[in-house]
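**Student:** I'd like to ask some things about the structure below.
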Amino acid sequence: MTSPEHKLENQLIEKLQDLKYEYRPDIRDRATLEKNFRKKFEALNHVRLTDAEFQRLLEEIVTPDVFTAAHTLRNRSSFTRDDGTPLNFTLVNIDEWCKNTFEVVSQLRINTDNSHHHYDVILLVNGIPAAQIELKTLGINPRRAIEQIVEYKNDPGNGYTRTILCFVQLFIVTNRDSTYYFANNNARHFAFNADERFLPIYEHALADNSKVKGLDAFADEFLAKCTLAETISRYMVLVASEQKLLMMPPYQIYAVKNIVDCIDKNLGNGYVWHTTGSGKTLTSFKASTLLKANLSVDKCLFVVDRKDLDRQTREEFNRFQEGCVEENTNTRALVDRLLSDDAADKVIVCTIQKLGLALDENSKRNKGREKKGRATFKDLLEPLRNKRMVFIFDECHRSQFGDTHQTIKDFFPRAQLFGFTGTPIFEQNASYKRIEGDVQTLRTTQDLFQKELHKYTITHAIEDRNVLRFHVDYYKPEGAEIKPGETLAKIAVVDAILAKHDAATGQRRFNALLATASINDAIEYYGIFDALQNGRKLSHPDPLSMLGSPPKLTSSPPSRRTKRA
């Protein structure tokens, strides 16, 4: 009798065969797995190894260190043959991943000295186990499969540390109706229990962020040969400083793909609307590094609007890839890097202020150089005027409405400009004005960057648990109708806040924030807090202690209903 799990396995294998995977029912144990890998390795590297050489090769490449194995999988390595000659090799075709062979095996059993495990489905790329799929029947939470994988990996001498299973890059778990995936990692980055999620676990999604839950749809969207190859080769990040594998979630991948596609096809500018806390730095890093390999692009600049963000972004970029970018200590250093032909200077992180000073012929630095009879920074950059430049602007909702944006476009006519923002400017919340003749209009993010390339809003982030949920209480004063914004309404709101503040903030263990419609409103609220607290003779007379220290005032459009913290 066929079990439901076995039936699901057969259905998955049939689906993978439809996707042009080759099913290998003959690969059932370690010996046949290694025999198949040897055949693929020798064909790829145009070599015939002796049995002793192949055994030594296995001893050299198999490692319990997941990060080292991931690095070996993606790079060229060297091996000394029995006669002393070197063999430079790769485990897979790293130049054209889609041209590797793709196979599927099922019920693989790996026996080592201390463990005896079997694996539901393994996907092989050129004979290398690249992805493992664990199946559960309907009614069983896929989290149980995750726990099982963690348990397998924690067994002493398990197949992940003693065989070529060490090259598994990602795990997929499913009960047919719900499907999740996550990156392989060393033990300190790989822990999970059913109550709390420590692993970054992902559901695949379409470009509109709608989830792909069912196994069939997931296979079509995620397990197609070139898609899986791209996911492993381009959209997983090896963080050297932490010896960790990071998997880019779908929304980041769509954003990067759309930026790269826009550049490859020269489709103009664009902006990415990804909410705060969604990992815009990683997205921009991956876009920048992919552009670094694009021979048609001369320079890629990641531009921030504050010096502290310059340092923070450089540190993040260098965390993702050691030595990726250097510090520009002053405008001269930035100009030198812009003019440099060194591959290390192709991706540059800088502030918009330094860039603006270099291009502004009336800046103090350019005027000073002119007085000394030296070429201005703008003159020095003249050879770049018609080069293919890519500018990626962080927080573009606040940094791109001044003159520098237009200065960049004028000086680099062939440049393509891309912006990242968590809060794009629309007509409803615009404050910058554009005047053309007698017509005055508000400037929006779309005016500056032409089109939206991808959107991942706070709603999507909350659904994915990337950010905390909001808890909003709506308050309406009892009795007579009071209009929002009136002093009486503000007094009622402050009174309600003071009454519930201790309970809402866990007896003042957490701060609170009051958002108002304007600065004038904030000042009025301050006075009301002061008066009411003095009247109550509380033990914390400073009204700011009720709002968090120091208070953070933000503007928001007035609501039809008055909110309380």
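Ordering of the structure tokens sets the chain letters (A, B, ...), residue numbers begin anew at 1 in every chain, and ligands are numbered from 1 in the order given.
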Can you list every residue in region 10-140 of chain A that DSSP puts in alpha helix (DSSP H), as an NGL selection string?

**Tutor:** :A and (10-18 or 30-45 or 51-61 or 66-74)

**Student:** Find the spatial neighbours of Arg188 (chain A), counting only C-alpha atoms, within a cut-off of 12 Å - ignore same-chain residues fewer than 3 positions away - and output them as a PyMOL selection string.

**Tutor:** chain A and resi 65-67+150+153-154+184-185+191-192+198-199+242-245

**Student:** What is the CA of Phe171 (chain A) to CA of Ala183 (chain A) distance in Å?

**Tutor:**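 If I compute the distance from CA of Phe171 (chain A) to CA of Ala183 (chain A), I get 6.3 Å.
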
**Student:** With distances taken over only C-alpha atoms, which residue among A:Cys98, A:Leu73, A:Ile201, A:Val212 lies nearest Asp464 (chain A)?

**Tutor:**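 Closest candidate: A:Ile201.
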
**Student:** Per residue of region 49-114 of chain A within 10 Å of region 33-40 of chain A, note the shortest atom pair and the distance in Å to one decimal, counting only C-alpha atoms, and order the rows by chain and increasing residue number, as CSV.

**Tutor:**
```
residue,atom,partner,partner_atom,distance
A:Leu49,CA,A:Arg38,CA,8.5
A:Asp51,CA,A:Arg38,CA,9.9
A:Phe54,CA,A:Arg38,CA,7.4
A:Gln55,CA,A:Glu34,CA,9.9
A:Leu57,CA,A:Arg38,CA,9.9
A:Leu58,CA,A:Glu34,CA,8.9
A:Leu91,CA,A:Lys40,CA,8.7
A:Val92,CA,A:Lys40,CA,8.7
A:Asn100,CA,A:Lys40,CA,9.3
A:Thr101,CA,A:Lys40,CA,8.3
A:Val105,CA,A:Leu33,CA,9.2
A:Leu108,CA,A:Leu33,CA,8.6
A:Arg109,CA,A:Leu33,CA,9.9
A:Ile110,CA,A:Leu33,CA,9.6
```

**Student:** Residues at most 7 Å from Val173 (chain A), counting only C-alpha atoms, excluding those fewer than 5 positions away in the same chain, as a PyMOL selection string?

**Tutor:** chain A and resi 133-135+142+145-146+179-181

**Student:** Nearest to Leu16 (chain A) among A:Ile259, A:Val47, A:Ala219, A:Ile408, with distances taken over only C-alpha atoms: which residue is it?

**Tutor:**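 Closest candidate: A:Ala219.
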
**Student:** Just want the 10 Å neighbourhood of Ile13 (chain A), counted on only C-alpha atoms, with same-chain residues fewer than 6 positions away dropped. Output as an MDAnalysis selection string.

**Tutor:** chainID A and resid 7 19 21:23 104:106 121

**Student:** Write out as a short mmCIF file (atom, residue, chain, number, x, y, z; two decimals) with N, CA and C atoms, in the first residue's frame the residues lying within 9 Å of region 411-413 of chain A, counting only C-alpha atoms and excluding same-chain residues fewer than 4 positions away.

**Tutor:**
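Below is the file that was written, result.cif:
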```cif
data_model
loop_
_atom_site.label_atom_id
_atom_site.label_comp_id
_atom_site.auth_asym_id
_atom_site.auth_seq_id
_atom_site.Cartn_x
_atom_site.Cartn_y
_atom_site.Cartn_z
N LEU A 359 30.91 68.23 -8.35
CA LEU A 359 30.29 68.66 -9.61
C LEU A 359 29.90 70.13 -9.62
N GLU A 382 35.63 65.41 -16.27
CA GLU A 382 35.14 65.58 -17.63
C GLU A 382 35.25 64.31 -18.48
N LEU A 384 34.64 61.45 -17.75
CA LEU A 384 33.56 60.51 -17.42
C LEU A 384 32.20 60.95 -17.93
N ARG A 385 32.14 62.14 -18.49
CA ARG A 385 30.86 62.73 -18.85
C ARG A 385 30.00 61.79 -19.71
N ASN A 386 30.60 61.14 -20.67
CA ASN A 386 29.83 60.30 -21.58
C ASN A 386 30.00 58.81 -21.30
N LYS A 387 30.49 58.50 -20.11
CA LYS A 387 30.63 57.11 -19.72
C LYS A 387 29.28 56.57 -19.24
N ARG A 388 29.19 55.26 -19.19
CA ARG A 388 27.96 54.59 -18.70
C ARG A 388 28.04 54.51 -17.18
N MET A 389 27.33 55.38 -16.52
CA MET A 389 27.35 55.48 -15.06
C MET A 389 26.01 55.01 -14.50
N GLN A 406 19.59 67.10 -10.37
CA GLN A 406 19.62 67.62 -11.74
C GLN A 406 21.04 67.82 -12.22
N THR A 407 21.93 68.22 -11.30
CA THR A 407 23.35 68.41 -11.66
C THR A 407 23.96 67.10 -12.14
#
```

**Student:** Please return as number ranges by chain: the residues of region 48-100 of chain A that backbone DSSP assigns to strand (DSSP E).

**Tutor:** A: 77-80, 86-89

**Student:** With C-alpha atoms retained, write the just-selected residues as a PDB file, in the first residue's frame.

**Tutor:**
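The resulting part_37.pdb:
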```pdb
ATOM      1  CA  SER A  77      40.098  25.161  -6.793  1.00  0.00           C
ATOM      2  CA  SER A  78      43.371  23.315  -7.233  1.00  0.00           C
ATOM      3  CA  PHE A  79      44.260  19.668  -6.722  1.00  0.00           C
ATOM      4  CA  THR A  80      47.628  17.923  -7.048  1.00  0.00           C
ATOM      5  CA  PRO A  86      48.228  20.513 -10.703  1.00  0.00           C
ATOM      6  CA  LEU A  87      44.586  20.197 -11.667  1.00  0.00           C
ATOM      7  CA  ASN A  88      42.527  23.397 -11.563  1.00  0.00           C
ATOM      8  CA  PHE A  89      38.899  22.396 -11.284  1.00  0.00           C
TER       9      PHE A  89
END
```

**Student:** Between CA of Asn126 (chain A) and CA of Ala52 (chain A), what is the distance in Å, rounded to a tenth?

**Tutor:**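 Between CA of Asn126 (chain A) and CA of Ala52 (chain A) the gap is 21.4 Å.
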
**Student:** Rank A:Phe285, A:Leu44, A:Lys364, A:Cys350 by their smallest atom-to-atom distance to Lys99 (chain A), using only C-alpha atoms, and report the top residue only.

**Tutor:**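 Nearest to Lys99 (chain A): A:Leu44.
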
**Student:** What's the 12 Å shell around Glu370 (chain A), counting only C-alpha atoms, without same-chain residues fewer than 6 positions away, as a list in words?

**Tutor:**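 Using only C-alpha atoms, the neighbours found are Glu361, Asn362, Ser363, Lys364, Thr376, Phe377, Lys378, Asp379 and Leu380 of chain A.
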